[in-house]
file protein10.txt (compact mmCIF, C-alpha atoms)
# COMPACT_ATOMS: atom_id res chain seq x y z
CA MET A 151 8.28 -35.00 -27.83
CA GLU A 152 11.40 -33.44 -29.29
CA ILE A 153 12.11 -29.76 -28.72
CA LYS A 154 14.81 -27.57 -30.22
CA VAL A 155 15.70 -24.10 -28.99
CA LEU A 156 19.32 -23.89 -30.25
CA GLY A 157 18.27 -22.15 -33.44
CA ALA A 158 14.69 -21.81 -34.60
CA LEU A 159 12.07 -23.03 -32.12
CA ASN A 160 10.87 -26.48 -33.06
CA ALA A 161 8.69 -28.90 -31.09
CA GLU A 162 7.28 -32.09 -32.54
CA VAL A 163 5.03 -34.87 -31.31
CA ASN A 164 4.69 -37.93 -33.52
CA GLY A 165 6.37 -35.96 -36.30
CA MET A 166 3.80 -33.15 -36.10
CA SER A 167 4.82 -29.60 -35.16
CA ILE A 168 3.11 -28.07 -32.13
CA VAL A 169 4.76 -24.66 -32.51
CA PRO A 170 2.07 -21.96 -32.85
CA THR A 171 2.40 -19.20 -35.40
CA ALA A 172 1.30 -16.43 -33.01
CA GLY A 173 4.12 -14.68 -31.18
CA LYS A 174 3.01 -14.82 -27.55
CA PRO A 175 2.12 -18.52 -27.47
CA ARG A 176 5.53 -19.20 -29.04
CA GLN A 177 7.14 -17.32 -26.16
CA ILE A 178 5.22 -19.41 -23.64
CA LEU A 179 6.21 -22.68 -25.32
CA ALA A 180 9.86 -21.60 -25.52
CA LEU A 181 9.96 -20.61 -21.84
CA LEU A 182 8.29 -23.83 -20.68
CA ALA A 183 10.67 -25.85 -22.87
CA LEU A 184 13.69 -24.33 -21.13
CA TYR A 185 12.43 -25.65 -17.79
CA PRO A 186 11.14 -29.18 -18.55
CA GLY A 187 9.49 -30.85 -15.57
CA ARG A 188 9.65 -27.63 -13.54
CA VAL A 189 6.86 -25.23 -12.67
CA VAL A 190 7.09 -21.86 -14.39
CA PRO A 191 5.11 -19.42 -12.24
CA VAL A 192 2.26 -17.46 -13.77
CA PRO A 193 3.91 -14.09 -12.90
CA THR A 194 7.04 -15.19 -14.76
CA LEU A 195 5.05 -16.11 -17.86
CA MET A 196 3.19 -12.80 -17.69
CA GLU A 197 6.41 -10.81 -17.33
CA GLU A 198 7.87 -12.58 -20.36
CA ILE A 199 4.84 -11.72 -22.48
CA TRP A 200 3.96 -8.22 -21.30
CA GLY A 201 6.86 -6.99 -19.20
CA THR A 202 5.74 -4.85 -16.30
CA ASP A 203 2.80 -3.31 -18.16
CA LEU A 204 0.21 -6.04 -17.65
CA PRO A 205 -3.22 -5.65 -19.27
CA GLN A 206 -6.27 -6.14 -17.07
CA SER A 207 -7.09 -9.34 -18.92
CA ALA A 208 -3.57 -10.78 -18.50
CA LEU A 209 -4.55 -13.91 -16.58
CA THR A 210 -7.48 -14.74 -18.85
CA THR A 211 -5.38 -14.17 -21.96
CA LEU A 212 -2.58 -16.36 -20.60
CA GLN A 213 -5.07 -19.15 -19.94
CA THR A 214 -6.29 -18.81 -23.52
CA TYR A 215 -2.73 -19.21 -24.81
CA ILE A 216 -2.26 -22.32 -22.68
CA LEU A 217 -5.50 -23.72 -24.05
CA GLN A 218 -4.30 -23.11 -27.62
CA LEU A 219 -1.06 -24.94 -26.92
CA ARG A 220 -2.93 -27.87 -25.37
CA ARG A 221 -5.20 -28.14 -28.41
CA MET A 222 -2.21 -28.35 -30.75
CA LEU A 223 -0.56 -30.84 -28.42
CA GLY A 224 -3.72 -32.97 -28.20
CA THR A 225 -4.09 -33.06 -31.98
CA ALA A 226 -0.50 -34.21 -32.39
CA MET A 227 -0.79 -36.82 -29.63
CA GLY A 228 -3.88 -38.35 -31.21
CA PRO A 229 -6.87 -40.05 -29.60
CA ASP A 230 -4.97 -43.19 -28.64
CA ALA A 231 -2.30 -41.47 -26.56
CA PRO A 232 -1.91 -42.94 -23.05
CA GLY A 233 -2.24 -39.51 -21.46
CA SER A 234 -3.87 -36.24 -22.33
CA ALA A 235 -2.53 -32.84 -23.37
CA LYS A 236 -3.35 -31.65 -19.83
CA ASP A 237 -0.95 -34.27 -18.47
CA VAL A 238 1.88 -33.02 -20.68
CA LEU A 239 1.21 -29.28 -20.38
CA ALA A 240 0.09 -29.49 -16.78
CA THR A 241 -1.40 -26.94 -14.43
CA ARG A 242 0.35 -26.78 -11.08
CA TYR A 243 -0.12 -24.57 -8.07
CA GLY A 244 0.92 -21.10 -9.16
CA GLY A 245 1.98 -21.99 -12.68
CA TYR A 246 2.40 -24.47 -15.51
CA THR A 247 4.90 -27.18 -16.33
CA LEU A 248 5.88 -29.08 -19.47
CA GLN A 249 6.09 -32.69 -18.34
CA VAL A 250 8.77 -34.03 -20.66
CA PRO A 251 12.21 -35.51 -19.90
CA ALA A 252 15.03 -32.98 -19.95
CA GLU A 253 16.71 -35.06 -22.68
CA ALA A 254 13.82 -34.22 -25.01
CA VAL A 255 15.11 -30.64 -25.23
CA ASP A 256 18.28 -30.07 -27.27
CA VAL A 257 19.75 -27.57 -24.82
CA TYR A 258 20.01 -30.26 -22.16
CA GLN A 259 21.76 -32.62 -24.57
CA TYR A 260 24.11 -29.75 -25.39
CA GLU A 261 24.87 -28.98 -21.74
CA ARG A 262 25.55 -32.66 -20.96
CA LEU A 263 28.03 -32.91 -23.83
CA VAL A 264 29.71 -29.64 -22.82
CA ALA A 265 30.13 -30.89 -19.24
CA GLU A 266 31.69 -34.11 -20.56
CA GLY A 267 34.00 -32.14 -22.83
CA ARG A 268 35.15 -29.82 -20.07
CA GLN A 269 35.87 -32.72 -17.70
CA ALA A 270 37.84 -34.52 -20.38
CA PHE A 271 39.79 -31.33 -21.05
CA GLU A 272 40.69 -30.98 -17.37
CA ASP A 273 41.74 -34.64 -17.32
CA GLY A 274 44.06 -34.10 -20.29
CA GLU A 275 41.96 -36.27 -22.60
CA ASP A 276 42.15 -33.97 -25.59
CA GLU A 277 40.66 -36.28 -28.22
CA SER A 278 37.64 -37.04 -26.04
CA SER A 279 37.24 -33.38 -25.10
CA ALA A 280 37.35 -32.17 -28.69
CA ALA A 281 34.91 -34.89 -29.80
CA SER A 282 32.35 -34.09 -27.07
CA LEU A 283 32.54 -30.35 -27.65
CA HIS A 284 32.30 -30.76 -31.43
CA GLU A 285 29.16 -32.88 -30.92
CA ALA A 286 27.68 -30.30 -28.54
CA LEU A 287 28.24 -27.41 -30.92
CA LYS A 288 26.74 -29.36 -33.84
CA LEU A 289 23.38 -29.17 -32.04
CA TRP A 290 23.26 -25.44 -32.76
CA ASP A 291 21.48 -24.31 -35.92
CA GLY A 292 21.76 -20.54 -35.66
CA PRO A 293 21.25 -18.18 -32.71
CA ALA A 294 19.13 -19.53 -29.87
CA LEU A 295 15.37 -19.00 -30.40
CA VAL A 296 16.16 -16.99 -33.52
CA ASP A 297 12.52 -16.94 -34.66
CA VAL A 298 10.95 -16.07 -31.30
CA ARG A 299 10.31 -12.52 -30.13
CA VAL A 300 11.90 -12.66 -26.71
CA GLY A 301 10.75 -10.78 -23.63
CA PRO A 302 12.80 -9.99 -20.51
CA ILE A 303 12.95 -13.58 -19.22
CA LEU A 304 13.81 -15.28 -22.50
CA GLU A 305 16.32 -12.54 -23.31
CA ILE A 306 18.34 -13.51 -20.24
CA GLU A 307 18.21 -17.18 -21.25
CA VAL A 308 19.28 -16.41 -24.82
CA ILE A 309 22.24 -14.34 -23.60
CA ARG A 310 23.25 -17.15 -21.22
CA LEU A 311 23.07 -19.75 -23.98
CA GLU A 312 25.04 -17.64 -26.45
CA GLN A 313 27.77 -17.02 -23.85
CA SER A 314 27.87 -20.75 -23.11
CA ARG A 315 28.20 -21.46 -26.81
CA LEU A 316 31.17 -19.11 -27.15
CA VAL A 317 32.92 -20.57 -24.09
CA ALA A 318 32.36 -24.11 -25.35
CA ARG A 319 33.79 -23.09 -28.71
CA GLU A 320 36.86 -21.60 -27.04
CA ARG A 321 37.45 -24.76 -25.04
CA ARG A 322 37.00 -26.94 -28.14
CA ILE A 323 39.55 -24.80 -29.99
CA ASP A 324 41.95 -25.20 -27.05
CA ALA A 325 41.59 -28.97 -27.30
CA ASP A 326 42.11 -28.85 -31.07
CA LEU A 327 45.22 -26.71 -30.61
CA ARG A 328 46.64 -29.22 -28.14
CA LEU A 329 46.02 -31.91 -30.77
CA GLY A 330 48.05 -29.98 -33.36
CA ARG A 331 45.14 -28.92 -35.59
CA HIS A 332 46.52 -25.42 -36.05
CA VAL A 333 46.13 -24.95 -39.80
CA GLU A 334 42.53 -26.20 -39.73
CA LEU A 335 41.60 -23.60 -37.10
CA ILE A 336 42.91 -20.47 -38.83
CA ALA A 337 39.81 -19.71 -40.91
CA GLU A 338 37.46 -20.29 -37.97
CA LEU A 339 39.51 -18.09 -35.65
CA THR A 340 39.81 -15.35 -38.27
CA ASP A 341 36.02 -15.23 -38.39
CA LEU A 342 35.70 -15.31 -34.59
CA ILE A 343 38.08 -12.44 -33.89
CA ALA A 344 36.28 -10.37 -36.51
CA ARG A 345 33.00 -11.04 -34.69
CA HIS A 346 34.54 -10.47 -31.25
CA PRO A 347 37.14 -7.75 -31.86
CA GLN A 348 38.01 -7.20 -28.19
CA HIS A 349 38.05 -10.82 -27.02
CA GLU A 350 41.60 -11.49 -25.86
CA GLY A 351 41.17 -15.25 -25.43
CA LEU A 352 40.15 -15.75 -29.05
CA HIS A 353 42.97 -13.50 -30.21
CA SER A 354 45.49 -15.54 -28.23
CA GLN A 355 44.20 -18.70 -29.90
CA ALA A 356 44.45 -17.09 -33.33
CA MET A 357 48.02 -16.01 -32.56
CA VAL A 358 49.03 -19.52 -31.49
CA ALA A 359 47.34 -21.17 -34.48
CA LEU A 360 49.09 -18.82 -36.90
CA TYR A 361 52.46 -19.09 -35.16
CA ARG A 362 52.40 -22.89 -35.13
CA SER A 363 51.42 -22.86 -38.80
CA GLY A 364 54.62 -21.02 -39.69
CA ARG A 365 52.95 -17.61 -39.94
CA GLN A 366 54.76 -15.67 -37.23
CA ALA A 367 54.19 -12.33 -38.97
CA GLY A 368 50.44 -12.98 -39.11
CA ALA A 369 50.37 -13.89 -35.42
CA LEU A 370 52.19 -10.67 -34.50
CA ASP A 371 49.83 -8.66 -36.70
CA VAL A 372 46.82 -10.06 -34.81
CA TYR A 373 48.37 -8.76 -31.59
CA ARG A 374 49.22 -5.38 -33.11
CA ARG A 375 45.68 -4.79 -34.37
CA LEU A 376 44.12 -5.88 -31.08
CA ARG A 377 46.46 -3.64 -29.08
CA HIS A 378 45.62 -0.60 -31.22
CA ARG A 379 41.91 -1.33 -30.88
CA LEU A 380 42.06 -1.67 -27.09
CA ILE A 381 44.06 1.54 -26.73
CA ASP A 382 41.86 3.51 -29.12
CA GLU A 383 38.51 2.28 -27.82
CA LEU A 384 39.14 1.53 -24.14
CA GLY A 385 42.40 3.27 -23.31
CA VAL A 386 44.00 0.06 -21.99
CA GLU A 387 46.88 -2.20 -22.96
CA PRO A 388 46.37 -5.92 -23.61
CA SER A 389 46.42 -8.16 -20.54
CA PRO A 390 49.76 -9.32 -19.08
CA GLN A 391 49.10 -12.86 -20.38
CA LEU A 392 48.72 -11.62 -23.93
CA GLN A 393 51.74 -9.34 -23.65
CA ARG A 394 53.86 -12.29 -22.47
CA LEU A 395 52.55 -14.42 -25.34
CA HIS A 396 53.54 -11.65 -27.75
CA GLN A 397 57.01 -11.40 -26.26
CA ALA A 398 57.41 -15.18 -26.46
CA MET A 399 56.64 -15.07 -30.16
CA LEU A 400 59.15 -12.30 -30.72
CA ALA A 401 61.73 -14.39 -28.87
CA VAL A 402 60.73 -17.59 -30.69
CA ASP A 403 60.16 -19.31 -27.36
CA PRO A 404 60.37 -23.11 -27.91
CA ARG A 405 57.52 -23.68 -25.48
CA LEU A 406 55.17 -22.29 -28.13
CA ASP A 407 55.94 -25.25 -30.40
CA VAL A 408 54.64 -27.80 -27.90
CA ALA A 409 51.11 -28.66 -28.92
CA ALA A 410 50.24 -30.42 -25.67
CA GLY A 411 52.35 -28.79 -23.03
CA PRO A 412 51.56 -28.35 -19.35
CA ARG A 413 47.87 -28.75 -18.63
CA ARG A 414 46.44 -25.27 -18.44
CA THR A 415 42.86 -24.13 -18.38
CA SER A 416 43.18 -22.48 -21.79
CA THR A 417 45.53 -21.26 -24.49
CA PHE A 418 45.01 -17.78 -23.09
CA ASP A 419 46.76 -18.89 -19.89
CA LEU A 420 49.79 -20.30 -21.71
CA TYR A 421 51.85 -17.46 -20.25
CA ALA A 422 49.80 -16.74 -17.14
CA ALA A 423 51.80 -15.54 -14.17

call {"tool": "encode", "arguments": {"input": "protein10.txt", "output": "structure tokens"}}
result
Amino acid sequence: MEIKVLGALNAEVNGMSIVPTAGKPRQILALLALYPGRVVPVPTLMEEIWGTDLPQSALTTLQTYILQLRRMLGTAMGPDAPGSAKDVLATRYGGYTLQVPAEAVDVYQYERLVAEGRQAFEDGEDESSAASLHEALKLWDGPALVDVRVGPILEIEVIRLEQSRLVARERRIDADLRLGRHVELIAELTDLIARHPQHEGLHSQAMVALYRSGRQAGALDVYRRLRHRLIDELGVEPSPQLQRLHQAMLAVDPRLDVAAGPRRTSTFDLYAA
């Protein structure tokens, strides 16, 4: 079985999709897929589907949805499969579990690659870090579970995954900056700061990419627009790190020209105290 949640929900067995068209069974499949090999309790599944307003027939209806999923699974597995659909979508005490290896789900491949990329970054292995993080981010094909109506449980998971994606992207950009890929990053960072207009880390990366590309005025303009936005909307000044980065650019600090300087956790901390 191969399952994808980093984008539209997709689950295939022997090349045949087992994703139901109905909304609630899709939610159940998505939630089980996020916890492969682990029991998802019945109350958790019910909360995902109905929230706190459970219908009287909640348990019976949930069992019907599980049965529908097993039928699709059994059809895809075929009559000669070594196990049955009940072995794959198994009933356990208090809940259900999808008995597939974690590697069958794209999110676990993604998280493994991100962990490798972060470790390489901390070890100063910029090429390896950038490569692993690039590979991890390529697994995404749009927002997580973009075609699934999410309830309270899946909503938390989607937010977590999207935050992880942004952090991984920041770290990959840091690695690319340390490798001197400044010009190549400008378009991507321009898009990111437009999407995240108060994110200081992304703005610091955009400033460094522009500065190292010979566009000092553009780098200073990024800071000016962010500062005005923070003052107007939040009533605060940019962080001390960003202010020091700004001052370094005004002073043409030679440390800014070093693509792979002292090993820091991020570009944002280039001028941390």

call {"tool": "residues_around", "arguments": {"input": "protein10.txt", "residues": "Leu287 (chain A)", "least_positions_apart": "6", "cutoff": "8 Å", "atoms": "all atoms listed in the file", "output": "MDAnalysis selection string"}}
result
chainID A and resid 260 315 318:319

call {"tool": "closest_residue", "arguments": {"input": "protein10.txt", "among": "A:Val163, A:Ile381, A:Val333, A:Leu239", "to": "Ser363 (chain A)", "atoms": "all atoms listed in the file"}}
result
A:Val333

call {"tool": "closest_residue", "arguments": {"input": "protein10.txt", "among": "A:Ile303, A:Leu400, A:Ala337, A:Ala280", "to": "Leu195 (chain A)", "atoms": "all atoms listed in the file"}}
result
A:Ile303

call {"tool": "residues_near_point", "arguments": {"input": "protein10.txt", "point": "(18.4, -18.3, -30.7)", "cutoff": "7 Å", "atoms": "only C-alpha atoms", "output": "list in words"}}
result
Val155, Leu156, Gly157, Ala158, Gly292, Pro293, Ala294, Leu295, Val296 and Val308 of chain A

call {"tool": "atom_distance", "arguments": {"input": "protein10.txt", "atom1": "CA of Tyr361 (chain A)", "atom2": "CA of His378 (chain A)"}}
result
20.1 Å

call {"tool": "atom_distance", "arguments": {"input": "protein10.txt", "atom1": "CA of Pro186 (chain A)", "atom2": "CA of Asp256 (chain A)"}}
result
11.3 Å

call {"tool": "atom_distance", "arguments": {"input": "protein10.txt", "atom1": "CA of Arg220 (chain A)", "atom2": "CA of Met166 (chain A)"}}
result
13.7 Å

call {"tool": "residues_around", "arguments": {"input": "protein10.txt", "residues": "Glu152 (chain A)", "least_positions_apart": "2", "cutoff": "10 Å", "atoms": "only C-alpha atoms", "output": "PyMOL selection string"}}
result
chain A and resi 154+160-165+167+183+250-251+253-256

call {"tool": "closest_residue", "arguments": {"input": "protein10.txt", "among": "A:Gly244, A:Gly173, A:Pro390, A:Gly364", "to": "His332 (chain A)", "atoms": "all atoms listed in the file"}}
result
A:Gly364

call {"tool": "closest_residue", "arguments": {"input": "protein10.txt", "among": "A:Ala208, A:Val402, A:Val189, A:Ala281", "to": "Gln366 (chain A)", "atoms": "all atoms listed in the file"}}
result
A:Val402
